[in-house]
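So this block is upload.csv, CSV, C-alpha atoms:
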```csv
chain,number,residue,atom,x,y,z
A,1,MET,CA,1.1,-29.5,39.9
A,2,LYS,CA,0.7,-28.3,43.5
A,3,SER,CA,-3.0,-27.5,43.8
A,4,PHE,CA,-4.9,-28.1,47.1
A,5,ILE,CA,-6.8,-26.4,49.9
A,6,ALA,CA,-5.0,-26.0,53.2
A,7,ILE,CA,-7.6,-26.1,56.0
A,8,ASP,CA,-7.6,-25.5,59.8
A,9,VAL,CA,-10.3,-25.7,62.4
A,10,GLU,CA,-10.5,-24.5,66.0
A,11,THR,CA,-12.8,-26.2,68.5
A,12,ALA,CA,-14.9,-24.9,71.4
A,13,HIS,CA,-14.3,-27.9,73.6
A,14,PHE,CA,-13.1,-31.5,73.4
A,15,GLU,CA,-15.9,-32.9,71.3
A,16,PRO,CA,-14.6,-33.1,67.7
A,17,SER,CA,-17.8,-31.7,66.2
A,18,SER,CA,-17.4,-28.4,68.2
A,19,ILE,CA,-15.8,-26.4,65.4
A,20,CYS,CA,-16.0,-22.7,66.3
A,21,SER,CA,-13.9,-21.4,63.5
A,22,ILE,CA,-12.6,-22.6,60.1
A,23,GLY,CA,-10.1,-21.2,57.7
A,24,ALA,CA,-9.0,-22.4,54.3
A,25,VAL,CA,-6.4,-21.3,51.7
A,26,LYS,CA,-6.7,-22.4,48.1
A,27,VAL,CA,-3.4,-23.0,46.3
A,28,VAL,CA,-3.2,-23.5,42.5
A,29,GLU,CA,0.1,-24.6,41.0
A,30,GLY,CA,2.0,-23.6,44.2
A,31,VAL,CA,0.5,-20.1,44.5
A,32,ILE,CA,-2.1,-19.0,47.0
A,33,VAL,CA,-5.0,-17.7,45.0
A,34,ASP,CA,-7.9,-17.4,47.6
A,35,ARG,CA,-8.8,-17.6,51.3
A,36,LYS,CA,-11.9,-18.2,53.3
A,37,TYR,CA,-12.7,-17.9,57.0
A,38,SER,CA,-15.8,-18.2,59.1
A,39,LEU,CA,-16.7,-18.2,62.7
A,40,VAL,CA,-19.0,-21.2,63.4
A,41,CYS,CA,-21.6,-21.8,66.1
A,42,PRO,CA,-20.2,-24.9,67.7
A,43,GLU,CA,-22.1,-28.2,68.1
A,44,PRO,CA,-22.7,-28.8,71.0
A,45,ASN,CA,-22.7,-25.1,71.8
A,46,TYR,CA,-20.5,-24.4,74.8
A,47,TYR,CA,-16.8,-23.6,75.4
A,48,ALA,CA,-14.2,-25.2,77.5
A,49,TYR,CA,-11.9,-22.8,79.3
A,50,ARG,CA,-8.8,-24.6,78.1
A,51,CYS,CA,-9.8,-24.3,74.5
A,52,GLN,CA,-10.7,-20.6,74.9
A,53,CYS,CA,-7.2,-20.0,76.3
A,54,VAL,CA,-5.7,-21.5,73.1
A,55,HIS,CA,-7.6,-19.6,70.4
A,56,GLY,CA,-9.3,-16.8,72.3
A,57,LEU,CA,-12.8,-17.4,71.0
A,58,GLY,CA,-15.9,-17.7,73.1
A,59,ASP,CA,-19.7,-17.5,73.0
A,60,LYS,CA,-19.6,-13.8,72.5
A,61,ASP,CA,-17.8,-14.4,69.2
A,62,THR,CA,-20.0,-17.2,67.8
A,63,PHE,CA,-23.5,-16.7,69.3
A,64,ASP,CA,-24.9,-15.5,66.0
A,65,ALA,CA,-22.4,-17.3,63.7
A,66,PRO,CA,-23.7,-19.8,61.1
A,67,SER,CA,-23.7,-23.6,61.8
A,68,PHE,CA,-20.9,-25.7,60.4
A,69,GLY,CA,-23.5,-27.3,58.1
A,70,ARG,CA,-24.3,-23.9,56.5
A,71,VAL,CA,-20.7,-22.9,56.1
A,72,TRP,CA,-19.6,-26.2,54.7
A,73,GLU,CA,-22.5,-26.2,52.2
A,74,GLN,CA,-21.7,-22.7,51.1
A,75,TRP,CA,-18.0,-23.6,50.6
A,76,GLN,CA,-18.7,-26.8,48.6
A,77,PRO,CA,-18.4,-25.3,45.1
A,78,TRP,CA,-15.1,-23.6,46.2
A,79,LEU,CA,-13.7,-26.9,47.7
A,80,GLU,CA,-14.8,-29.1,44.9
A,81,GLY,CA,-12.0,-31.0,43.2
A,82,PHE,CA,-9.3,-30.1,45.6
A,83,ARG,CA,-7.4,-32.3,48.0
A,84,LEU,CA,-7.5,-31.0,51.6
A,85,ILE,CA,-4.2,-30.5,53.5
A,86,ALA,CA,-3.9,-29.8,57.2
A,87,HIS,CA,-1.2,-29.7,59.8
A,88,ASN,CA,-2.0,-32.7,61.9
A,89,ALA,CA,-4.7,-33.8,59.5
A,90,ALA,CA,-5.8,-36.5,62.0
A,91,PHE,CA,-7.3,-33.8,64.2
A,92,ASP,CA,-8.8,-31.5,61.5
A,93,SER,CA,-10.2,-34.4,59.4
A,94,LYS,CA,-11.7,-36.0,62.6
A,95,CYS,CA,-13.4,-32.7,63.5
A,96,ILE,CA,-14.7,-32.0,60.0
A,97,LYS,CA,-15.9,-35.5,59.5
A,98,SER,CA,-17.7,-35.5,62.8
A,99,ALA,CA,-19.4,-32.2,62.0
A,100,CYS,CA,-20.4,-33.5,58.6
A,101,ARG,CA,-22.0,-36.5,60.2
A,102,ILE,CA,-24.1,-34.3,62.5
A,103,TYR,CA,-25.3,-32.2,59.6
A,104,GLY,CA,-25.8,-35.1,57.2
A,105,LEU,CA,-23.1,-33.9,54.8
A,106,ALA,CA,-20.7,-36.0,52.7
A,107,GLU,CA,-17.3,-36.4,54.5
A,108,PRO,CA,-14.2,-35.3,52.7
A,109,GLU,CA,-11.8,-38.3,52.2
A,110,ASN,CA,-8.7,-37.1,50.4
A,111,TRP,CA,-6.4,-35.6,53.0
A,112,GLY,CA,-2.7,-34.8,53.1
A,113,CYS,CA,-0.8,-33.9,56.2
A,114,THR,CA,2.1,-31.4,56.6
A,115,LEU,CA,2.9,-32.9,60.1
A,116,LYS,CA,3.5,-36.4,58.6
A,117,ALA,CA,5.4,-34.9,55.7
A,118,ALA,CA,7.7,-33.0,58.1
A,119,ARG,CA,8.3,-36.1,60.2
A,120,ARG,CA,9.3,-38.0,57.1
A,121,LYS,CA,11.6,-35.3,55.6
A,122,ILE,CA,13.2,-33.4,58.5
A,123,PRO,CA,15.4,-35.4,60.9
A,124,ARG,CA,14.6,-35.2,64.6
A,125,TYR,CA,18.1,-33.9,65.4
A,126,ALA,CA,17.5,-31.0,62.9
A,127,LEU,CA,14.2,-30.0,64.4
A,128,PRO,CA,12.9,-32.0,67.4
A,129,SER,CA,9.4,-30.4,67.4
A,130,LYS,CA,7.3,-30.6,64.2
A,131,SER,CA,4.6,-28.2,65.6
A,132,LEU,CA,3.2,-25.7,63.1
A,133,ASP,CA,4.9,-22.8,64.8
A,134,SER,CA,8.3,-24.6,65.0
A,135,LEU,CA,8.2,-25.5,61.3
A,136,CYS,CA,7.3,-22.0,60.4
A,137,ASP,CA,10.3,-20.7,62.3
A,138,PHE,CA,12.5,-23.3,60.7
A,139,PHE,CA,11.4,-22.4,57.2
A,140,GLY,CA,11.1,-18.6,57.8
A,141,ILE,CA,7.3,-18.6,57.3
A,142,LYS,CA,5.5,-15.7,59.0
A,143,LEU,CA,2.8,-17.0,61.4
A,144,GLU,CA,1.3,-13.9,63.0
A,145,ASN,CA,-1.6,-15.2,64.9
A,146,HIS,CA,-1.1,-18.9,65.8
A,147,HIS,CA,-4.4,-20.7,66.5
A,148,ASN,CA,-6.4,-18.3,64.3
A,149,ALA,CA,-7.8,-20.8,61.8
A,150,LEU,CA,-7.1,-18.7,58.7
A,151,ASP,CA,-3.5,-17.8,59.8
A,152,ASP,CA,-2.8,-21.5,60.6
A,153,ALA,CA,-4.3,-22.6,57.2
A,154,GLU,CA,-2.1,-20.1,55.4
A,155,ALA,CA,1.0,-21.3,57.2
A,156,CYS,CA,0.0,-24.9,56.4
A,157,ALA,CA,-0.4,-24.0,52.7
A,158,LYS,CA,3.1,-22.6,52.6
A,159,LEU,CA,4.5,-25.6,54.4
A,160,ALA,CA,2.7,-28.0,52.0
A,161,VAL,CA,4.3,-26.3,49.0
A,162,ILE,CA,7.7,-27.0,50.6
A,163,LEU,CA,7.1,-30.4,52.1
A,164,ILE,CA,4.5,-32.4,50.1
A,165,ASP,CA,4.9,-33.8,46.7
A,166,LEU,CA,1.4,-33.4,45.2
```
Entire entry expressed as structure tokens:
Amino acid sequence: MKSFIAIDVETAHFEPSSICSIGAVKVVEGVIVDRKYSLVCPEPNYYAYRCQCVHGLGDKDTFDAPSFGRVWEQWQPWLEGFRLIAHNAAFDSKCIKSACRIYGLAEPENWGCTLKAARRKIPRYALPSKSLDSLCDFFGIKLENHHNALDDAEACAKLAVILIDL
């Protein structure tokens, strides 16, 4: 059974806790059944120009957004019982765990990674880059707005169905 939640975060700067948007896609038995997205007021609350250039978000987008703690608590019933999958889970898990520590929330522990799966299953000569957008091109997965947390989470969900034996 392929049931999991693919998740992606974007950060305001280089502090892992500075999540400014989060997207998640729930997959049940290999089928996308639900999606969630939220802008987040980053902690600490400032933006690095380089990060803004990547995802296009800034203070004007998140000045009245909820905190990560509020979003994560609201999402808990929806997340409960599902394994989290991310593309480069080392990054997303570090950010989510760091933000959870700041807000005194339990840190999710059960992670899967489409980047690691791709590195194991696709030879380097067949596809040198295992970036999310390269893998989407390789598998014919539509990725409309790369670095939008929800679009990246959906692309990750589709890759996970292909690459990860759950």
Of the candidates A:Leu150, A:Ala89, A:Val71, A:Leu159, which shows the shortest atom-to-atom distance to Gly23 in chain A, using only C-alpha atoms?
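The shortest atom-to-atom distance to Gly23 in chain A comes from A:Leu150.
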Given the choices A:Ile164, A:Cys41, A:Cys156, A:Ala149, which gets closest to Leu132 in chain A if the distance is worked out from all atoms listed in the file?
A:Cys156
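The interatomic distance for the pair CA of Ala12 in chain A and CA of Cys136 in chain A works out to 24.9 Å.
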Find the residues near Asn110 in chain A: any atom within 12 Å, counting only C-alpha atoms, skip ones fewer than 5 places away on the same chain, and give them as number ranges by chain.
A: 4-5, 79-86, 89-90, 93, 97, 166
Would you pick out the contacts of range 31-34 of chain A at 12 Å or less, using all atoms listed in the file, so that residues sharing its chain but fewer than 2 positions from it are not included, and give the list as a compact mmCIF listing (two decimals) with C-alpha atoms, in the frame of the given file?
```txt
# COMPACT_ATOMS: atom_id res chain seq x y z
CA MET A 1 1.10 -29.50 39.90
CA LYS A 2 0.70 -28.30 43.50
CA SER A 3 -3.00 -27.50 43.80
CA PHE A 4 -4.90 -28.10 47.10
CA ILE A 5 -6.80 -26.40 49.90
CA ALA A 6 -5.00 -26.00 53.20
CA GLY A 23 -10.10 -21.20 57.70
CA ALA A 24 -9.00 -22.40 54.30
CA VAL A 25 -6.40 -21.30 51.70
CA LYS A 26 -6.70 -22.40 48.10
CA VAL A 27 -3.40 -23.00 46.30
CA VAL A 28 -3.20 -23.50 42.50
CA GLU A 29 0.10 -24.60 41.00
CA LYS A 36 -11.90 -18.20 53.30
CA TYR A 37 -12.70 -17.90 57.00
CA TRP A 78 -15.10 -23.60 46.20
CA LEU A 79 -13.70 -26.90 47.70
CA LEU A 150 -7.10 -18.70 58.70
CA ALA A 153 -4.30 -22.60 57.20
CA GLU A 154 -2.10 -20.10 55.40
CA ALA A 155 1.00 -21.30 57.20
CA CYS A 156 0.00 -24.90 56.40
CA ALA A 157 -0.40 -24.00 52.70
CA LYS A 158 3.10 -22.60 52.60
CA LEU A 159 4.50 -25.60 54.40
CA ALA A 160 2.70 -28.00 52.00
CA VAL A 161 4.30 -26.30 49.00
CA ILE A 162 7.70 -27.00 50.60
```
Report the distance between CA of Ile22 in chain A and CA of Gly112 in chain A in Å, rounded to one decimal place.
17.2 Å
Provide the CA of Ile19 in chain A to CA of Arg120 in chain A distance in Å, to one decimal place.
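Separation between CA of Ile19 in chain A and CA of Arg120 in chain A: 28.9 Å.
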Which residue gives the smallest distance to Trp111 in chain A among A:Phe138, A:Tyr125, A:Tyr47, A:Phe91, with all atoms listed in the file counted?
A:Phe91
Which residue, A:Ser67, A:Ser18, A:Asn88, A:Ser38, has the smallest gap to Ala117 in chain A when you use all atoms listed in the file?
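Of A:Ser67, A:Ser18, A:Asn88, A:Ser38, the one nearest Ala117 in chain A is A:Asn88, counting all atoms listed in the file.
Neighbouring residues of range 52-55 of chain A at 9 Å or closer, counting only C-alpha atoms and skipping chain neighbours under 6 positions away, are Glu10, Thr11, Ala12, His13, His146, His147, Asn148 and Ala149 of chain A.
Nearest to Tyr103 in chain A of all the residues A:Arg70, A:Leu163, A:Lys60, A:Ala65 is A:Arg70, counting only C-alpha atoms.
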